[in-house]
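Here's the structure, in structure tokens; my notes come after.
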Amino acid sequence: MPVEIGKIDRELKKLWAEAGGAMTRASLINLAIYSEAPGSLPQNTEIIFKITEDHACRAIVIGANPGAPENRVEAWISAHCHVSRAGSKQICSEQLSFLLEGPSAKLLPNIVFSQLDSDLPLYLWWQGEFHHPMDAQLWAWVDRVIYDSQAWSNFGTQLGRVEAAQAEAKQRIVLCDLNWTRLVQFRLALAQFFDHPSSHHRFNEIESVEIDFAPGYRSTAMLLAGWLASQLRWTLEKDSNGNSLVFRNQAAREIRVNSQEKAGEPISRVGLKCNSIEYRVTHAPKADLLKVTVEGSNAERKCLMPAGSNDPVRLMSEELMRGGPHSVYLRSMNAVRNLL
Amino acid sequence: MNPLREGLATRSVPQACTVVIFGATGDLTMRKLIPAIYNLAADGELPPAVTVVGFARRPKTDEEFRKEQEEATRKFSRQTVRDEIWNGFAQALFYHQSEFHDAAGYKSLAERLEKIDRERGTGGNRLFYLAVAPDQFEPIVKNLKEAGLNKAREGSWARVIVEKPFGTDLASARELNQIVHHAFAEDQTYRIDHFLGKETAQNILVLRFANAIFEPLWNSRYLDHIQITAAETLGVENRAGYYEGAGALRDMVQNHLLQLLCLVAMEPPTDLGADSIRDEKVKIVRSLRRMTREAIVENVVRGQYAEGAINGKPVPGYRSEKGVKPDSKTETFVALRVRVDDWRLADVPIYIRVGKRLPKSGTEISVHFKKAPQVLFNKESVSLDQNVLVIRIQPDEGISLRMQAKMPGTTFRIEPVKMDFHYGTSFGKASPEAYERLLLDAMSGDATLFARRDEVEEAWAFIDPLEEAWVAKENQPGLFEYPAGSWGPEEADELLARDGRAWRRL
Ligand SMILES: NC(=O)c1ccc[n+]([C@@H]2O[C@H](COP(=O)([O-])OP(=O)(O)OC[C@H]3O[C@@H](n4cnc5c(N)ncnc54)[C@H](OP(=O)(O)O)[C@@H]3O)[C@@H](O)[C@H]2O)c1
């Protein structure tokens, strides 16, 4: 339903009033999505519809085209309703959509601020690349910024901008990289190999790591390598680069990390070799389960674990559910940032 | 610590182990335990090495046992069973046939467990789940000890989970504890109270101690009283055999409701360690004012449902149910007024009621605050209502707060309004089943949500005099009838009416 920007509040009230008592409005966060891709509004509306099934929020969806010659500002409101798991009640989240063209794209902070559901945190999902300069006014309000570094054309430049905004916000913003979220299920599958204290000595015996990644997902593979390196305290050898990296552990033992491009899921295989044992996690194309195996001198053990999905809705849901300060991400990313 | 777990774990990580279920073909195993373990495995929450050995007496092959459990899991599981996951999971299920009191069966069990450790990487960790009636604890525990299974080897552990009912009075609870204690130390013993595995029960501590606005008011200066209700529409169903000897007080109050009471009444613990929390809880049970015969007559009301109707359908009275004696004196309803004699809640009565065949099912705690001084508003007309904070445990878990608000347009007409928070509305993700949570906790050695020996025994020490009064020759308190589908006998209402209060409408 198209509305005048100044009247959004009133129109929202009307929207809920018309629904009578049949719907329950719910909201835990303000989720703002910003995109400059043509046609992003309907796409993001579709995404929000699915996200709100598990995460009640007030969604503020912004489609911007700063380069358009004409000034144009339009707004719509809508509600996404799902039947709650607990009963027959309709649970609804509201969405405000904005189209900003030409110079009015600069109105972004103002638009976001005026539409926030009070007292709830603000998550900003920035789709695409950040521009210079970063709007200090906006960043001062953001609690978590969500981005996908996989699609960045230049990691260093982009990260530099995020860090500038972060400095502006006095390091208060939590950086959420969907490229990191992509790795959650692989990390879980790899971590469980070493849960039993009797397996901890294996950390020092790791000789090599192999990672298969899909075209375009080298950065995902590098983040995974960065994670192993930072958590297991490996340091990168100076002349290491490309797809064949050399690390050293605390005992100065060499660890080779080889990654190779292979069509399929973003990460389709990770193998860790230590002495006589190989730990392996594989993700077959489109499968929703990971194959997890340990092969040793005496036996082979296999099991299945949930796999992640590269779908933006699933990635966002996973990210919203996990929360946390993401300090491991920062460490992992810093361990390999020069390689990204 | 496993460094790769950093930032990933949302709770303590369970360790690979073999779960040995005694009574593995029973109702509890089929309906709750195996489905819970399956769901955990399907969600990737279990170490892949986790293995289940079912122990029961009928002859059966591993394959037959797997088939049987598969059927049950398909029926009772929270999520749909997927063939590829089940097939892998089934390989971790084994059946061990033996009588509980046959020592040879435990010797072969020990050998079997060794073999599983070698082949499946369970690292010598064992979790013994006694899904059997309490009179079977003794032979099982004794034989476990004789087979050396109660002690784990260096670097691994052996734990035992015991099910309710944990005794029928203080003496039997002590005896059971002693039996278990012969083989397992207290820190190896996990007494399950599935109420504590519920998300909202856990949320009570968060609500109280993570919000600065409630705690300052949580004392006799600002609290008027507290009510705890556990109502169900069900009758005795097919549990008469057990229920006839138990009754509502033993079945629900001694364990579940006193546990809830502890959570609302306890002082903040020094940390979140299992014993820190349980230290505070046991202080509450200990501070429950013991009742004399006279006090019992005055503060406790027992009821039994008579014929009536539930959801518009006629239902029989308790005494006409299958397996119930026609002159049964078992209570299906009990209401109590209890006092916690500690600094915080002295003078704050706590009313507890629990019953079968009540009009609605629901478990909740309501905290009633004192009224605002009636000097400004409604001086002459109706009196102001209390502020009430309600913690709904089930169904529709959530929290609501009743406040006073001005009616628009009128001068100062004041009406109560409700601020309501529903878990299901705000958090779309379904909460795991209580048994899932508790099994995980036991596997990771977290005993916070399990009842400790002293808690259980103190609770019986409080309950015993009530049970004794009911079977006494003289001055026996009455047993009042209530029609099925009503909120219990009138006497229960009078219990509060005498104090100028009323039960909260559910
Ligand atoms: N059912 C529930 O939902 C529930 C809920 C809470 C607590 N509980 C408690 O959990 C316990 C178990 O309840 P349940 O309903 O599962 O019991 P059940 O259905 O009667 O099952 C009894 C189990 O014990 C085995 N068994 C009995 N005597 C044996 C013996 N001498 N030697 C070897 N195995 C023997 C039976 O094996 P065979 O089949 O081979 O005879 C069967 O597997 C009870 O204490 C109950 O109060 C149950």
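Identifiers in the structure tokens: chain A, B, ... in order shown; residue index from 1 per chain; ligand index from 1 in order shown.
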Practice item. Using DSSP on the backbone coordinates, identify the residues of stretch 42-201 of chain A assigned to strand (DSSP E); present them as a ChimeraX atom specification. Key: /A:57-65,72-83,90-101,122-126,144-147,174-177
Listing only residues of chain B within 10 Å of ligand 1, what is the closest atom pair and its distance in Å (to one decimal) for each, using only C-alpha atoms and all ligand atoms, sorted by chain and residue number ascending, as a tab-separated table?
```
residue	atom	partner	partner_atom_place_in_ligand_line	distance
B:Ile21	CA	ligand 1	43 (O)	8.8
B:Phe22	CA	ligand 1	24 (O)	6.5
B:Gly23	CA	ligand 1	24 (O)	3.3
B:Ala24	CA	ligand 1	43 (O)	4.4
B:Thr25	CA	ligand 1	43 (O)	3.5
B:Gly26	CA	ligand 1	21 (O)	3.1
B:Asp27	CA	ligand 1	16 (O)	3.8
B:Leu28	CA	ligand 1	16 (O)	3.6
B:Thr29	CA	ligand 1	16 (O)	5.7
B:Met30	CA	ligand 1	16 (O)	7.6
B:Arg31	CA	ligand 1	3 (O)	6.8
B:Lys32	CA	ligand 1	3 (O)	7.1
B:Leu33	CA	ligand 1	16 (O)	9.5
B:Gly54	CA	ligand 1	43 (O)	8.4
B:Phe55	CA	ligand 1	34 (N)	6.7
B:Ala56	CA	ligand 1	34 (N)	3.7
B:Arg57	CA	ligand 1	40 (O)	3.7
B:Arg58	CA	ligand 1	40 (O)	3.8
B:Pro59	CA	ligand 1	40 (O)	7.3
B:Lys60	CA	ligand 1	40 (O)	8.7
B:His96	CA	ligand 1	33 (C)	9.9
B:Gln97	CA	ligand 1	33 (C)	7.7
B:Ser98	CA	ligand 1	33 (C)	5.8
B:Glu99	CA	ligand 1	32 (N)	3.6
B:Phe100	CA	ligand 1	32 (N)	3.9
B:His101	CA	ligand 1	31 (N)	6.7
B:Asp102	CA	ligand 1	32 (N)	8.2
B:Gly105	CA	ligand 1	33 (C)	9.9
B:Tyr129	CA	ligand 1	10 (O)	9.8
B:Leu130	CA	ligand 1	11 (C)	7.3
B:Ala131	CA	ligand 1	12 (C)	4.3
B:Val132	CA	ligand 1	12 (C)	3.8
B:Ala133	CA	ligand 1	45 (O)	3.3
B:Pro134	CA	ligand 1	45 (O)	5.6
B:Asp135	CA	ligand 1	45 (O)	8.5
B:Gln136	CA	ligand 1	28 (N)	7.3
B:Phe137	CA	ligand 1	45 (O)	9.4
B:Pro139	CA	ligand 1	31 (N)	9.0
B:Ile140	CA	ligand 1	32 (N)	8.9
B:Val162	CA	ligand 1	10 (O)	8.3
B:Glu163	CA	ligand 1	10 (O)	5.4
B:Lys164	CA	ligand 1	7 (C)	5.2
B:Pro165	CA	ligand 1	47 (O)	5.7
B:Phe166	CA	ligand 1	45 (O)	8.5
B:Ile192	CA	ligand 1	7 (C)	8.8
B:Asp193	CA	ligand 1	6 (C)	8.7
B:His194	CA	ligand 1	6 (C)	8.2
B:Arg239	CA	ligand 1	1 (N)	9.2
B:Tyr242	CA	ligand 1	47 (O)	7.6
B:Tyr243	CA	ligand 1	47 (O)	9.8
B:Asp251	CA	ligand 1	47 (O)	9.8
```
Write the residues you've just listed into a file as a short mmCIF file (atom, residue, chain, number, x, y, z; two decimals), in the first residue's frame, and include N, CA and C atoms for each of them.
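Just written: selection_9.cif:
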```cif
data_model
loop_
_atom_site.label_atom_id
_atom_site.label_comp_id
_atom_site.auth_asym_id
_atom_site.auth_seq_id
_atom_site.Cartn_x
_atom_site.Cartn_y
_atom_site.Cartn_z
N ILE B 21 20.04 -47.52 28.62
CA ILE B 21 18.70 -47.28 29.13
C ILE B 21 18.14 -48.57 29.74
N PHE B 22 17.89 -48.57 31.03
CA PHE B 22 17.24 -49.70 31.68
C PHE B 22 15.73 -49.50 31.54
N GLY B 23 15.06 -50.52 31.02
CA GLY B 23 13.63 -50.37 30.73
C GLY B 23 13.45 -49.85 29.33
N ALA B 24 14.26 -50.39 28.41
CA ALA B 24 14.37 -49.81 27.07
C ALA B 24 13.20 -50.13 26.16
N THR B 25 12.30 -50.99 26.62
CA THR B 25 11.15 -51.25 25.76
C THR B 25 9.91 -50.63 26.37
N GLY B 26 10.12 -49.84 27.43
CA GLY B 26 9.01 -49.24 28.15
C GLY B 26 8.47 -48.00 27.44
N ASP B 27 7.39 -47.52 28.03
CA ASP B 27 6.66 -46.39 27.48
C ASP B 27 7.52 -45.12 27.46
N LEU B 28 8.23 -44.87 28.54
CA LEU B 28 9.03 -43.65 28.63
C LEU B 28 10.12 -43.63 27.55
N THR B 29 10.79 -44.75 27.37
CA THR B 29 11.85 -44.83 26.37
C THR B 29 11.30 -44.57 24.97
N MET B 30 10.18 -45.20 24.66
CA MET B 30 9.63 -45.09 23.31
C MET B 30 9.06 -43.70 23.03
N ARG B 31 8.40 -43.14 24.05
CA ARG B 31 7.72 -41.87 23.78
C ARG B 31 8.64 -40.68 23.92
N LYS B 32 9.59 -40.76 24.83
CA LYS B 32 10.40 -39.58 25.13
C LYS B 32 11.89 -39.74 24.84
N LEU B 33 12.48 -40.82 25.36
CA LEU B 33 13.95 -40.85 25.37
C LEU B 33 14.55 -41.02 23.98
N GLY B 54 20.00 -50.43 24.85
CA GLY B 54 18.75 -50.66 25.56
C GLY B 54 18.84 -51.94 26.37
N PHE B 55 18.36 -51.88 27.60
CA PHE B 55 18.46 -53.01 28.52
C PHE B 55 17.05 -53.37 28.95
N ALA B 56 16.61 -54.58 28.65
CA ALA B 56 15.29 -55.06 29.11
C ALA B 56 15.31 -56.58 29.06
N ARG B 57 14.18 -57.19 29.45
CA ARG B 57 14.31 -58.64 29.66
C ARG B 57 13.87 -59.49 28.47
N ARG B 58 12.96 -58.98 27.65
CA ARG B 58 12.47 -59.84 26.56
C ARG B 58 13.56 -60.07 25.53
N PRO B 59 13.64 -61.29 24.98
CA PRO B 59 14.67 -61.52 23.97
C PRO B 59 14.36 -60.73 22.70
N LYS B 60 15.40 -60.20 22.10
CA LYS B 60 15.20 -59.33 20.95
C LYS B 60 16.56 -59.12 20.31
N HIS B 96 20.41 -55.03 24.73
CA HIS B 96 21.08 -55.98 25.63
C HIS B 96 20.02 -56.65 26.48
N GLN B 97 19.89 -57.97 26.32
CA GLN B 97 18.81 -58.65 27.02
C GLN B 97 19.31 -59.23 28.34
N SER B 98 18.60 -58.86 29.41
CA SER B 98 18.94 -59.43 30.72
C SER B 98 17.84 -59.07 31.71
N GLU B 99 17.73 -59.90 32.76
CA GLU B 99 16.88 -59.55 33.89
C GLU B 99 17.64 -58.51 34.72
N PHE B 100 16.91 -57.62 35.37
CA PHE B 100 17.58 -56.60 36.17
C PHE B 100 18.43 -57.21 37.29
N HIS B 101 17.95 -58.34 37.81
CA HIS B 101 18.70 -58.87 38.96
C HIS B 101 19.65 -60.02 38.60
N ASP B 102 19.96 -60.12 37.33
CA ASP B 102 20.87 -61.19 36.92
C ASP B 102 22.29 -60.64 36.73
N GLY B 105 24.20 -60.73 33.44
CA GLY B 105 23.81 -59.77 32.40
C GLY B 105 24.65 -58.50 32.46
N TYR B 129 20.62 -44.69 32.38
CA TYR B 129 19.32 -44.06 32.53
C TYR B 129 18.36 -45.08 33.12
N LEU B 130 17.89 -44.85 34.34
CA LEU B 130 16.98 -45.80 34.97
C LEU B 130 15.54 -45.44 34.63
N ALA B 131 15.08 -45.89 33.47
CA ALA B 131 13.69 -45.64 33.07
C ALA B 131 12.83 -46.80 33.57
N VAL B 132 12.88 -47.00 34.85
CA VAL B 132 12.16 -48.13 35.46
C VAL B 132 11.50 -47.65 36.75
N ALA B 133 10.60 -48.48 37.27
CA ALA B 133 9.96 -48.12 38.53
C ALA B 133 11.02 -48.17 39.65
N PRO B 134 10.82 -47.33 40.70
CA PRO B 134 11.83 -47.20 41.74
C PRO B 134 12.17 -48.52 42.44
N ASP B 135 11.22 -49.47 42.47
CA ASP B 135 11.56 -50.71 43.17
C ASP B 135 12.58 -51.55 42.39
N GLN B 136 12.91 -51.12 41.20
CA GLN B 136 13.95 -51.82 40.42
C GLN B 136 15.33 -51.18 40.57
N PHE B 137 15.37 -50.00 41.23
CA PHE B 137 16.66 -49.32 41.35
C PHE B 137 17.70 -50.21 42.02
N PRO B 139 18.24 -53.60 42.53
CA PRO B 139 19.01 -54.62 41.81
C PRO B 139 19.90 -54.02 40.73
N ILE B 140 19.41 -53.02 40.04
CA ILE B 140 20.20 -52.46 38.94
C ILE B 140 21.48 -51.83 39.46
N VAL B 162 18.06 -40.75 37.22
CA VAL B 162 16.91 -41.45 37.78
C VAL B 162 15.64 -40.66 37.52
N GLU B 163 14.57 -41.40 37.32
CA GLU B 163 13.29 -40.80 36.97
C GLU B 163 12.43 -40.61 38.22
N LYS B 164 11.45 -39.79 38.08
CA LYS B 164 10.47 -39.68 39.16
C LYS B 164 9.57 -40.91 39.12
N PRO B 165 8.86 -41.34 40.11
CA PRO B 165 8.79 -40.70 41.42
C PRO B 165 10.00 -41.05 42.26
N PHE B 166 10.57 -40.03 42.89
CA PHE B 166 11.74 -40.30 43.70
C PHE B 166 11.31 -40.49 45.15
N ILE B 192 15.93 -36.48 37.45
CA ILE B 192 15.23 -35.70 36.44
C ILE B 192 13.94 -35.09 36.98
N ASP B 193 13.74 -33.82 36.72
CA ASP B 193 12.43 -33.20 36.93
C ASP B 193 12.16 -32.45 35.63
N HIS B 194 11.32 -33.03 34.77
CA HIS B 194 11.25 -32.46 33.42
C HIS B 194 10.69 -31.05 33.40
N ARG B 239 -3.17 -44.37 34.14
CA ARG B 239 -2.12 -44.41 35.15
C ARG B 239 -2.65 -44.71 36.54
N TYR B 242 -0.48 -46.41 39.28
CA TYR B 242 0.49 -45.57 39.97
C TYR B 242 -0.21 -44.48 40.78
N TYR B 243 -1.19 -43.86 40.17
CA TYR B 243 -1.79 -42.65 40.76
C TYR B 243 -2.53 -42.94 42.07
N ASP B 251 2.43 -36.58 43.35
CA ASP B 251 2.69 -36.64 41.91
C ASP B 251 3.20 -35.30 41.37
#
```
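Residue nearest chain A, chosen from B:Arg74, B:Arg191, B:Arg353, B:Arg120 and counting only C-alpha atoms: B:Arg120.
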Practice item. Do me a favour and pick out the residues of chain B within 9 Å of chain A, using only C-alpha atoms, as number ranges by chain. Key: B: 1-10, 13-16, 41-49, 84-85, 88-89, 119-120, 123, 155, 395-397, 423-430
Output the selection as a PDB file, in the first residue's frame - C-alpha atoms for each residue.
```
ATOM      1  CA  MET B   1      38.742 -26.641  26.110  1.00  0.00           C
ATOM      2  CA  ASN B   2      38.418 -27.244  22.408  1.00  0.00           C
ATOM      3  CA  PRO B   3      39.537 -23.957  20.791  1.00  0.00           C
ATOM      4  CA  LEU B   4      37.473 -24.674  17.685  1.00  0.00           C
ATOM      5  CA  ARG B   5      34.303 -24.449  19.792  1.00  0.00           C
ATOM      6  CA  GLU B   6      34.871 -20.831  20.714  1.00  0.00           C
ATOM      7  CA  GLY B   7      31.949 -18.680  19.650  1.00  0.00           C
ATOM      8  CA  LEU B   8      30.030 -21.705  18.360  1.00  0.00           C
ATOM      9  CA  ALA B   9      28.645 -23.308  21.460  1.00  0.00           C
ATOM     10  CA  THR B  10      25.380 -21.923  22.701  1.00  0.00           C
ATOM     11  CA  VAL B  13      29.017 -29.323  24.734  1.00  0.00           C
ATOM     12  CA  PRO B  14      28.020 -32.929  25.418  1.00  0.00           C
ATOM     13  CA  GLN B  15      30.708 -35.570  25.409  1.00  0.00           C
ATOM     14  CA  ALA B  16      30.648 -38.792  23.478  1.00  0.00           C
ATOM     15  CA  ALA B  41      21.345 -36.218  16.568  1.00  0.00           C
ATOM     16  CA  ALA B  42      19.371 -34.822  13.647  1.00  0.00           C
ATOM     17  CA  ASP B  43      20.064 -31.275  14.813  1.00  0.00           C
ATOM     18  CA  GLY B  44      23.768 -32.057  14.943  1.00  0.00           C
ATOM     19  CA  GLU B  45      23.839 -31.505  18.710  1.00  0.00           C
ATOM     20  CA  LEU B  46      25.259 -34.901  19.633  1.00  0.00           C
ATOM     21  CA  PRO B  47      28.767 -36.163  19.173  1.00  0.00           C
ATOM     22  CA  PRO B  48      28.448 -38.770  16.396  1.00  0.00           C
ATOM     23  CA  ALA B  49      29.954 -41.438  18.633  1.00  0.00           C
ATOM     24  CA  GLU B  84      19.082 -41.150   5.811  1.00  0.00           C
ATOM     25  CA  ILE B  85      19.542 -39.745   9.309  1.00  0.00           C
ATOM     26  CA  GLY B  88      22.937 -43.779  10.520  1.00  0.00           C
ATOM     27  CA  PHE B  89      21.398 -43.248  13.962  1.00  0.00           C
ATOM     28  CA  GLU B 119      34.723 -49.500  18.008  1.00  0.00           C
ATOM     29  CA  ARG B 120      32.741 -46.296  18.304  1.00  0.00           C
ATOM     30  CA  GLY B 123      35.864 -42.952  25.387  1.00  0.00           C
ATOM     31  CA  GLY B 155      39.661 -39.367  32.263  1.00  0.00           C
ATOM     32  CA  PRO B 395       1.144 -23.971  27.106  1.00  0.00           C
ATOM     33  CA  ASP B 396       1.750 -20.678  25.275  1.00  0.00           C
ATOM     34  CA  GLU B 397       4.837 -19.872  27.320  1.00  0.00           C
ATOM     35  CA  TYR B 423       7.493 -16.777  23.395  1.00  0.00           C
ATOM     36  CA  GLY B 424       5.920 -18.313  20.335  1.00  0.00           C
ATOM     37  CA  THR B 425       5.191 -14.883  18.860  1.00  0.00           C
ATOM     38  CA  SER B 426       8.534 -13.255  19.362  1.00  0.00           C
ATOM     39  CA  PHE B 427      10.828 -16.217  18.888  1.00  0.00           C
ATOM     40  CA  GLY B 428       9.738 -18.289  15.909  1.00  0.00           C
ATOM     41  CA  LYS B 429      12.150 -21.109  16.663  1.00  0.00           C
ATOM     42  CA  ALA B 430      10.464 -23.961  18.490  1.00  0.00           C
TER      43      ALA B 430
END
```
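Of the residues under consideration (A:Leu183, A:Ile29, A:Leu107, A:Ile8), A:Ile29 shows the shortest atom-to-atom contact distance to A:Asp119 when counting only C-alpha atoms.
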